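Let me begin by presenting the structure, written as structure tokens, before commenting on it.
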Number of protein chains: 2
Amino acid sequence: MRTPTGPAGSGDISAPVAADARGARGIPDATVARLPVYLRALTALADRGIETSSSQELASAAGVNSAKLRKDLSYLGSYGTRGVGYDVEYLRYQIAREIGLTQDWRVVIIGIGNLGTALSKYGGFTSRGFRIVALVDGDPSRVGERHGELTIGAVDDLPDLIRELRISIGVISTPGGAAQEVADRLVKAGVTSILNFAPTVLSVPDDVEVRKVDLSTELQILAYHEQRKTQAVTQL
Amino acid sequence: MRTPTGPAGSGDISAPVAADARGARGIPDATVARLPVYLRALTALADRGIETSSSQELASAAGVNSAKLRKDLSYLGSYGTRGVGYDVEYLRYQIAREIGLTQDWRVVIIGIGNLGTALSKYGGFTSRGFRIVALVDGDPSRVGERHGELTIGAVDDLPDLIRELRISIGVISTPGGAAQEVADRLVKAGVTSILNFAPTVLSVPDDVEVRKVDLSTELQILAYHEQRKTQAVTQL
DNA sequence: TAGATTGTTAATCGATTAACAATC
DNA sequence: TAGATTGTTAATCGATTAACAATC
């Protein structure tokens with residue numbers, strides 16, 4: 001099904017690697033979305049001093065079933081041992097490498113309102129291979145304001161900041177109306193990964209990856225289910 | 001495929017309703033997740049004074065293709081007119097009703113740190129049928145602190161707050177370590193819809209709906225794709 | 001060796017898409 | 001009526017799951 005694309009993959013790491021799975025790449029989207037969850041579960045197990053874990057145990061910690069977990073991991077290679085389970089530290093490293101967390105990713109946040117400020121202070125990023133290296137806001141009166149180690153820059157500074165600080169990910173936390181223009185500027189400056197918190201559908205070229213986090217959409221989905229529950233009782 | 005469950009659905013609204021689709025209910029998850037996006041697109045069109053819209057136009061505004069949009073809308077009923085398109089205001093109302101936005105949903109935020117504070121100030125909720133009616137924090141020294149019209153309560157106050165303020169949705173923005181306990185308390189107090197921002201897999205009963213928003217997971221997914229792109233160039 | 005658990009296969013399920021008959 | 005566009009069908013695609021042979 002998967003089209004082999006010749007010699008792909010990063011430098012070979014000594015490991016019992018299913019050459020095929022590695023070479024072919026193209027891990028399913030649904031699997032990619034779960035790898036960070038597995039990573040976190042493994043880190044939690046490691047913190048508790050656990051060295052080996054079965055797919056059953058790991059799956060339970062990640063909130064999925066074990067068949068799905070094994071299937072997911074099989075796309076990365078054969079990192080388990082039959083009859084035994086997975087070496088926690090080893091698997092953790094393999095997943096981190098697959099995601100690309102062996103390097104640091106540099107992030108700019110555009111839009112330093114309530115949410116942008118919260119994101120800039122959020123510790124969870126830093127600890128996981130991401131570094132916020134620049135803050136930008138469209139309001140000229142905010143430019144120059146200090147936030148911890150960083151100073152808010154102007155939107156016009158974006159191209160320079162991105163080049164000089166080798167930024168590869170842009171986080172948009174502006175009001176909806178400004179989001180598309182910011183995205184355009186990011187793309188123009190060469191950024192191909194965007195995390196969008198603005199309530200706006202962005203249009204970007206095909207090679208740009210956009211993830212959207214929409215707070216009120218999430219609440220609306222909950223509301224739909226909540227309504228269904230109460231309707232079942234309040235039936236006319 | 002869908003099992004008809006007898007007379008379901010809220011009070012009949014005069015409308016050209018496909019009784020079957022309405023009665024059967026059980027709209028696919030993927031469709032439910034897109035309804036808020038359509039709703040927003042319709043609102044934007046209405047604001048621009050547009051009264052009628054084709055599936056093509058609407059789909060483009062929502063960032064999907066028109067086949068998917070029509071299929072999605074077909075689960076709600078037949079609200080369009082062949083040869084013409086959809087009446088923007090009418091469709092907007094039907095989707096809002098389907099999601100349950102004709103009523104106000106009352107929300108409590110637990111964990112008033114950077115993110116919780118940002119969420120409490122975020123205007124996007126209020127305008128879309130959600131009202132944050134209570135703030136709670138686990139740190140006793142924060143209890144009593146005023147945030148706009150609200151005062152931070154203690155975690156022990158949760159049961160009373162939920163009952164008295166008729167809260168149906170809980171938003172968890174605590175540190176990861178506290179999230180499960182907070183979820184347990186919410187569930188105990190009868191909340192069956194949770195939006196979880198903590199980096200923790202929650203375990204809850206089957207009838208409780210949990211949506212998870214995980215900021216560093218999103219960045220990790222971007223990193224995976226970003227890595228793949230640069231690898232294609234930096235090939236060994 | 002016997003017991004345990006992975007990695008993989010194959011079946012199933014749900015979501016997407018193209019195409020077109022129905023109908024305004 | 002002719003043109004436009006929906007609502008639906010059927011094909012395709014991708015994701016999930018159960019089951020078990022491989023193997024530690």
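Chains: A, B, ... in order of the structure tokens. Residues: from 1 per chain. Ligands: from 1, in order shown.
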Residues of chain C within 6 Å of chain A, only C-alpha atoms (C1' of nucleotides) counted, as a PyMOL selection string: chain C and resi 4-6
Kindly save the residues from that selection, with N, CA and C atoms (P, O5', C5', C4', C3', O3' and C1' of nucleotides) included, as a PDB file, in the first residue's frame.
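What landed in result-v9.pdb:
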ATOM      1  P    DA C   4       1.865 -17.312  31.716  1.00  0.00           P
ATOM      2  O5'  DA C   4       2.651 -16.241  30.832  1.00  0.00           O
ATOM      3  C5'  DA C   4       3.950 -15.813  31.239  1.00  0.00           C
ATOM      4  C4'  DA C   4       4.441 -14.787  30.242  1.00  0.00           C
ATOM      5  C3'  DA C   4       3.404 -13.725  29.901  1.00  0.00           C
ATOM      6  O3'  DA C   4       4.037 -12.459  29.991  1.00  0.00           O
ATOM      7  C1'  DA C   4       4.195 -14.777  27.915  1.00  0.00           C
ATOM      8  P    DT C   5       3.245 -11.104  29.878  1.00  0.00           P
ATOM      9  O5'  DT C   5       3.557 -10.687  28.384  1.00  0.00           O
ATOM     10  C5'  DT C   5       4.916 -10.484  28.006  1.00  0.00           C
ATOM     11  C4'  DT C   5       4.933 -10.292  26.523  1.00  0.00           C
ATOM     12  C3'  DT C   5       3.866  -9.326  25.995  1.00  0.00           C
ATOM     13  O3'  DT C   5       4.493  -8.419  25.121  1.00  0.00           O
ATOM     14  C1'  DT C   5       3.873 -11.276  24.744  1.00  0.00           C
ATOM     15  P    DT C   6       3.768  -7.099  24.607  1.00  0.00           P
ATOM     16  O5'  DT C   6       4.472  -7.010  23.197  1.00  0.00           O
ATOM     17  C5'  DT C   6       5.885  -7.103  23.136  1.00  0.00           C
ATOM     18  C4'  DT C   6       6.303  -7.800  21.853  1.00  0.00           C
ATOM     19  C3'  DT C   6       6.013  -7.004  20.586  1.00  0.00           C
ATOM     20  O3'  DT C   6       7.205  -6.917  19.828  1.00  0.00           O
ATOM     21  C1'  DT C   6       5.068  -9.200  20.441  1.00  0.00           C
TER      22       DT C   6
END
All strand (DSSP E) positions in range 15-217 of chain B, as an NGL selection string: :B and (52-53 or 80-81 or 85-87 or 105-110 or 130-137 or 146-147 or 150-154 or 169-172 or 193-196 or 209-212)
Contact set, chain A to chain B: 8 Å, only C-alpha atoms, as JSON, numbers by chain: {"A": [8, 9, 10, 11, 32, 33, 36, 37, 61, 62, 63, 98, 99, 100, 101, 105, 114, 115, 117, 118, 119, 121, 122, 124, 125, 128, 130, 168, 169, 192, 193, 194, 195, 201, 202, 203, 209, 210, 211, 213, 215, 216, 217, 218, 219, 220, 221, 222, 223, 224, 225, 226, 227, 231, 232, 235, 236]}
Backbone-only DSSP, alpha helix (DSSP H) members of range 105-139 of chain A, as a PyMOL selection string: chain A and resi 114-121+123-126
Shell around Leu165 in chain B at 9 Å using only C-alpha atoms (C1' of nucleotides), local window under 6 positions removed, as a PyMOL selection string: chain B and resi 106+133-134
Kindly export the residues of the current selection with C-alpha atoms, as a compact mmCIF listing (two decimals), in the first residue's frame.
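Just written: again_34.txt:
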# COMPACT_ATOMS: atom_id res chain seq x y z
CA ARG B 106 -22.48 27.00 32.20
CA VAL B 133 -19.78 31.06 35.93
CA ALA B 134 -17.15 29.80 38.37
Non-local contacts of Ala30 in chain B (10 Å; only C-alpha atoms (C1' of nucleotides); under 6 positions in same chain excluded) as number ranges by chain: B: 72; C: 14-15
Kindly save the residues from that selection, with N, CA, C and O atoms (P, O5', C5', C4', C3', O3' and C1' of nucleotides) included, as a JSON list (two decimals), in the first residue's frame.
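Once written, selection29.json looks like this:
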[["chain", "number", "residue", "atom", "x", "y", "z"],
["B", 72, "ASP", "N", -22.14, 15.96, 5.29],
["B", 72, "ASP", "CA", -22.30, 16.32, 6.69],
["B", 72, "ASP", "C", -23.68, 16.91, 6.96],
["B", 72, "ASP", "O", -24.38, 16.50, 7.88],
["C", 14, "DG", "P", -18.78, 1.73, 13.18],
["C", 14, "DG", "O5'", -17.97, 2.94, 12.54],
["C", 14, "DG", "C5'", -16.74, 3.35, 13.11],
["C", 14, "DG", "C4'", -16.13, 4.38, 12.21],
["C", 14, "DG", "C3'", -17.10, 5.49, 11.77],
["C", 14, "DG", "O3'", -16.39, 6.70, 11.95],
["C", 14, "DG", "C1'", -16.09, 4.52, 9.88],
["C", 15, "DA", "P", -16.96, 8.11, 11.55],
["C", 15, "DA", "O5'", -16.07, 8.47, 10.27],
["C", 15, "DA", "C5'", -14.66, 8.44, 10.38],
["C", 15, "DA", "C4'", -14.08, 8.96, 9.10],
["C", 15, "DA", "C3'", -14.75, 10.22, 8.57],
["C", 15, "DA", "O3'", -13.73, 11.10, 8.14],
["C", 15, "DA", "C1'", -14.87, 8.51, 6.93]]
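As for CA of Asp137 in chain A and CA of Leu161 in chain A, they are spaced 13.0 Å apart.
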Distance of CA of Asp206 in chain B from CA of Leu186 in chain B, expressed in Å to one decimal place: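 The value is 14.2 Å.
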Separation of CA of Thr151 in chain B from CA of Gly190 in chain B, in Å and rounded to one decimal: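 Going from CA of Thr151 in chain B over to CA of Gly190 in chain B, I get 22.2 Å.
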